[in-house]
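**Student:** Quick one: the structure is below, and I'll ask about it shortly.
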Amino acid sequence: MNASSATPARVWVVDDDRSVRFVLATALREAGYSVDGFENADDVLAALALRGAPDLLYTDVRMPGDDGLVLLDKLKAAAPRLPVIVMSAYTDVASTAGAFRGGAHEFLSKPFDLDDAVALAARALGTEHGAAAPAAEAAPPADTLIGDTPAMRTLFRAIGRLAQAPLSVLITGETGTGKELVARALHRESPRAARPFVALNTAAIPAELLESELFGHEAGAFTGAQRRHIGRFEQADGGSLFLDEIGDMPLTLQTRLLRVLAEGEFFRVGGRELIRVDVRVIAATHQDLETLVAEGRFRADLLHRLDVVRLRLPPLRERRADIAQLAERFLAAAAAKFAATPKRLSKPALERLLAHDWPGNVRELENVCWRLAALAPADSITRADLDEVLAASGPARAADDDWDARLSAWARAQLAEGAQDLHAHARERFDRALLEAALEHTGGRRTEAAARLGLGRNTLTRKLGTGRKRS
Ligand SMILES: Nc1ncnc2c1ncn2[C@@H]1O[C@H](COP(=O)(O)OP(=O)(O)OP(=O)(O)O)[C@@H](O)[C@H]1O
């Protein structure tokens, strides 16, 4: 089974133990599923409200917050048809019975054999015979790019032309503008369409695991590497590899990637066998790579190799004429998922949508539409419904989530690398970011910047002093 031939079934893995999440998600991805991991029940329920139910969910029982059985209960109410596999080290009668009474599809006792865990997915989805996803769920229209504005038409033409040529493509654009969707379209329209499309988000994977994610590793290559792991490059052989957030790739790995791109061959981590692959690389970034190059954080030669052709995705605020059509599509998708009639936007509501600045771009619009589908009381969406939903969305919230996630990914990676004195180091960077933002905001006026931050002017001056000394 591979993920390229049809839309892969979506599987969610819920476990507070990061290593279980990682190992199970990786095995499921290798089997061709599209997998998201969650560390607690609250995050699952939030994602469910935003994105609708996945095709299958694995959950641990003992977790901080709602435990897996409470989550199972809530899932049965919110998404009655979703098959849930309950995993637990506590194979006592009570939790097994509780799980089945609660409507669990299967019970998996820990520690489990990975192959068994993956085989359960095929059984639960009714795909033992190799289909990538159950027919009813396959090929959602979600993969089609929507847009009728001149900017988008130009882009579609470019995709059509570029898909045929085996060139590396660099897709730039703000977060949520559809970079991944464009990468998928480039693959789908290409002669490689029957081979895998494999995506890797560089920013989402702890730095210490990235190399083996890309190039694979042999059993015993490092502590915890119990079995051979096939990296994304090999998985994508004959197809396309989408490297998202390429600007976040650590420099050492950039060097290795450059070499692999130049030579078309590599060794797995800890391996002796030279692996040759034929992969088209499509990279994406929301950062300005030229600036990163100037700052010494991105290799100029790697940029040249990736940037044979560049596609720029315009932010949504530069193509407002697409908003109505996109909103209609997202409201229809939400309605189909909730088995309800699609809600419509009243004229004042549409005007409010058109006036919004959409810092989170199409993803923000999509989230807003899903919330409206779930929360607006009547079939016609009012301006007031929209004010309420927009107040809860927006960049601050998105940036907040992102900030927390990145900070904790950073801390985990530092700890894994054996870093000491993490708190002092983090606080220095934290202070510096706040100070620089406040000074920029106030045009360099220190008293005002200090007041805005809630700091005394002397404290600010002292902190500025430390920041300068260190940098
Ligand atoms: N033109 C479009 N038509 C339909 N849906 C779109 C379009 N652009 C984006 N979307 C939807 O918006 C969401 C975000 O798109 P995508 O993940 O491709 O953005 P991205 O630019 O890769 O974001 P990030 O930089 O944060 O990874 C997806 O759910 C995608 O389906």
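Chain identifiers are assigned as A, B, and so on, following the order in which chains appear in the structure tokens; residues are numbered from 1 within each chain, and ligands are numbered from 1 in order of appearance.
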Got a sec: who's within 12 Å of Ala183 of chain A, counting only C-alpha atoms, leaving out chain neighbours fewer than 6 positions off, as a ChimeraX atom specification?

**Tutor:** /A:143-145,155-156,159-160,162-163,168-172,177,189-190,193,197-200,239-244,280-285,310-313

**Student:** Could you save those same residues with C-alpha atoms as a JSON list (two decimals), in the first residue's frame?

**Tutor:**
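The resulting part_9.json:
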[["chain", "number", "residue", "atom", "x", "y", "z"],
["A", 143, "ASP", "CA", -7.21, 18.48, -2.77],
["A", 144, "THR", "CA", -8.33, 20.86, -5.50],
["A", 145, "LEU", "CA", -6.94, 24.33, -5.51],
["A", 155, "LEU", "CA", -0.14, 29.99, -10.68],
["A", 156, "PHE", "CA", -2.29, 27.19, -12.13],
["A", 159, "ILE", "CA", 1.85, 24.31, -12.13],
["A", 160, "GLY", "CA", 0.69, 22.75, -15.39],
["A", 162, "LEU", "CA", 6.24, 22.77, -14.27],
["A", 163, "ALA", "CA", 4.64, 19.48, -13.44],
["A", 168, "SER", "CA", 13.29, 21.30, -8.26],
["A", 169, "VAL", "CA", 10.66, 23.81, -7.23],
["A", 170, "LEU", "CA", 10.73, 26.21, -4.31],
["A", 171, "ILE", "CA", 7.31, 27.36, -3.14],
["A", 172, "THR", "CA", 7.24, 30.52, -1.06],
["A", 177, "THR", "CA", -1.46, 30.10, 1.67],
["A", 189, "GLU", "CA", -0.03, 16.44, -12.61],
["A", 190, "SER", "CA", 3.44, 15.00, -13.15],
["A", 193, "ALA", "CA", 1.79, 10.72, -10.15],
["A", 197, "PHE", "CA", 4.14, 11.84, -2.68],
["A", 198, "VAL", "CA", 5.95, 12.04, 0.65],
["A", 199, "ALA", "CA", 5.84, 15.13, 2.84],
["A", 200, "LEU", "CA", 8.13, 16.09, 5.68],
["A", 239, "GLY", "CA", 7.93, 10.15, -6.76],
["A", 240, "SER", "CA", 8.11, 13.54, -5.08],
["A", 241, "LEU", "CA", 9.45, 14.58, -1.69],
["A", 242, "PHE", "CA", 7.90, 17.70, -0.20],
["A", 243, "LEU", "CA", 10.18, 19.41, 2.31],
["A", 244, "ASP", "CA", 8.09, 21.94, 4.17],
["A", 280, "ARG", "CA", 11.88, 15.14, -7.24],
["A", 281, "VAL", "CA", 12.29, 17.56, -4.39],
["A", 282, "ILE", "CA", 9.73, 20.28, -3.84],
["A", 283, "ALA", "CA", 10.65, 22.60, -0.98],
["A", 284, "ALA", "CA", 8.56, 25.26, 0.71],
["A", 285, "THR", "CA", 9.17, 28.07, 3.12],
["A", 310, "ARG", "CA", 10.20, 29.56, -7.70],
["A", 311, "LEU", "CA", 6.46, 29.73, -7.19],
["A", 312, "ARG", "CA", 5.16, 32.50, -4.97],
["A", 313, "LEU", "CA", 1.77, 32.06, -3.38]]

**Student:** Do you know which residues are at most 12 Å from Arg452 of chain A counting only C-alpha atoms, after dropping those on the same chain fewer than 3 positions away, and could you put them as a PDB file with C-alpha atoms, in the first residue's frame?

**Tutor:**
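Written out: selection-v8.pdb:
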ATOM      1  CA  LEU A 434      10.311  40.962  23.851  1.00  0.00           C
ATOM      2  CA  LEU A 435      12.690  43.913  24.108  1.00  0.00           C
ATOM      3  CA  ALA A 437       9.679  43.884  19.560  1.00  0.00           C
ATOM      4  CA  ALA A 438       8.785  46.596  22.074  1.00  0.00           C
ATOM      5  CA  LEU A 439      11.578  48.903  20.954  1.00  0.00           C
ATOM      6  CA  GLU A 440      10.637  48.438  17.348  1.00  0.00           C
ATOM      7  CA  HIS A 441       7.016  49.137  18.203  1.00  0.00           C
ATOM      8  CA  THR A 442       7.859  52.370  20.028  1.00  0.00           C
ATOM      9  CA  ARG A 445      11.706  54.963  22.865  1.00  0.00           C
ATOM     10  CA  ARG A 446      12.941  53.069  25.900  1.00  0.00           C
ATOM     11  CA  THR A 447      10.644  54.515  28.568  1.00  0.00           C
ATOM     12  CA  GLU A 448       7.587  53.751  26.515  1.00  0.00           C
ATOM     13  CA  ALA A 449       8.890  50.296  25.558  1.00  0.00           C
ATOM     14  CA  LEU A 455       9.009  46.660  33.198  1.00  0.00           C
ATOM     15  CA  GLY A 456      10.841  49.462  34.979  1.00  0.00           C
ATOM     16  CA  ARG A 457      13.077  51.546  32.740  1.00  0.00           C
ATOM     17  CA  LEU A 460      14.936  47.360  30.563  1.00  0.00           C
TER      18      LEU A 460
END

**Student:** Distance limit 7 Å, reference ligand 1, atoms considered: only C-alpha atoms and all ligand atoms. Which residues make the cut? Give them as an mmCIF file with C-alpha atoms, in the first residue's frame.

**Tutor:**
data_model
loop_
_atom_site.group_PDB
_atom_site.id
_atom_site.type_symbol
_atom_site.label_atom_id
_atom_site.label_comp_id
_atom_site.auth_asym_id
_atom_site.auth_seq_id
_atom_site.Cartn_x
_atom_site.Cartn_y
_atom_site.Cartn_z
ATOM 1 C CA ALA A 142 -10.209 19.007 -0.522
ATOM 2 C CA ASP A 143 -7.215 18.479 -2.773
ATOM 3 C CA THR A 144 -8.331 20.858 -5.501
ATOM 4 C CA LEU A 145 -6.941 24.329 -5.507
ATOM 5 C CA ILE A 146 -9.582 27.003 -5.621
ATOM 6 C CA GLY A 147 -9.002 30.426 -7.109
ATOM 7 C CA GLY A 173 4.357 32.214 0.663
ATOM 8 C CA GLU A 174 3.008 33.094 4.073
ATOM 9 C CA THR A 175 1.742 30.388 6.356
ATOM 10 C CA GLY A 176 -1.564 28.856 5.274
ATOM 11 C CA THR A 177 -1.458 30.101 1.670
ATOM 12 C CA GLY A 178 -1.642 26.583 0.240
ATOM 13 C CA LYS A 179 2.003 25.659 -0.327
ATOM 14 C CA GLU A 180 1.458 22.001 0.447
ATOM 15 C CA LEU A 181 -1.604 21.884 -1.780
ATOM 16 C CA VAL A 182 0.456 23.298 -4.646
ATOM 17 C CA ASP A 244 8.093 21.944 4.169
ATOM 18 C CA GLU A 245 9.618 24.742 6.280
ATOM 19 C CA THR A 285 9.170 28.068 3.118
ATOM 20 C CA HIS A 286 7.368 31.016 4.649
ATOM 21 C CA LEU A 326 -13.284 29.366 -0.721
ATOM 22 C CA VAL A 362 -6.576 30.225 3.631
ATOM 23 C CA ARG A 363 -5.999 28.028 6.672
ATOM 24 C CA GLU A 366 -10.913 27.339 6.624
#

**Student:** Using DSSP on the backbone coordinates, identify the residues of segment 42-115 of chain A assigned to helix (DSSP H, G or I); present them as a VMD selection string.

**Tutor:** chain A and resid 42 to 51 68 to 78 93 to 101 114 to 115

**Student:** How many Å lie between atom CA of Trp358 of chain A and atom CA of Gly52 of chain A, rounded to one decimal?

**Tutor:**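 Going from atom CA of Trp358 of chain A over to atom CA of Gly52 of chain A covers 21.9 Å.
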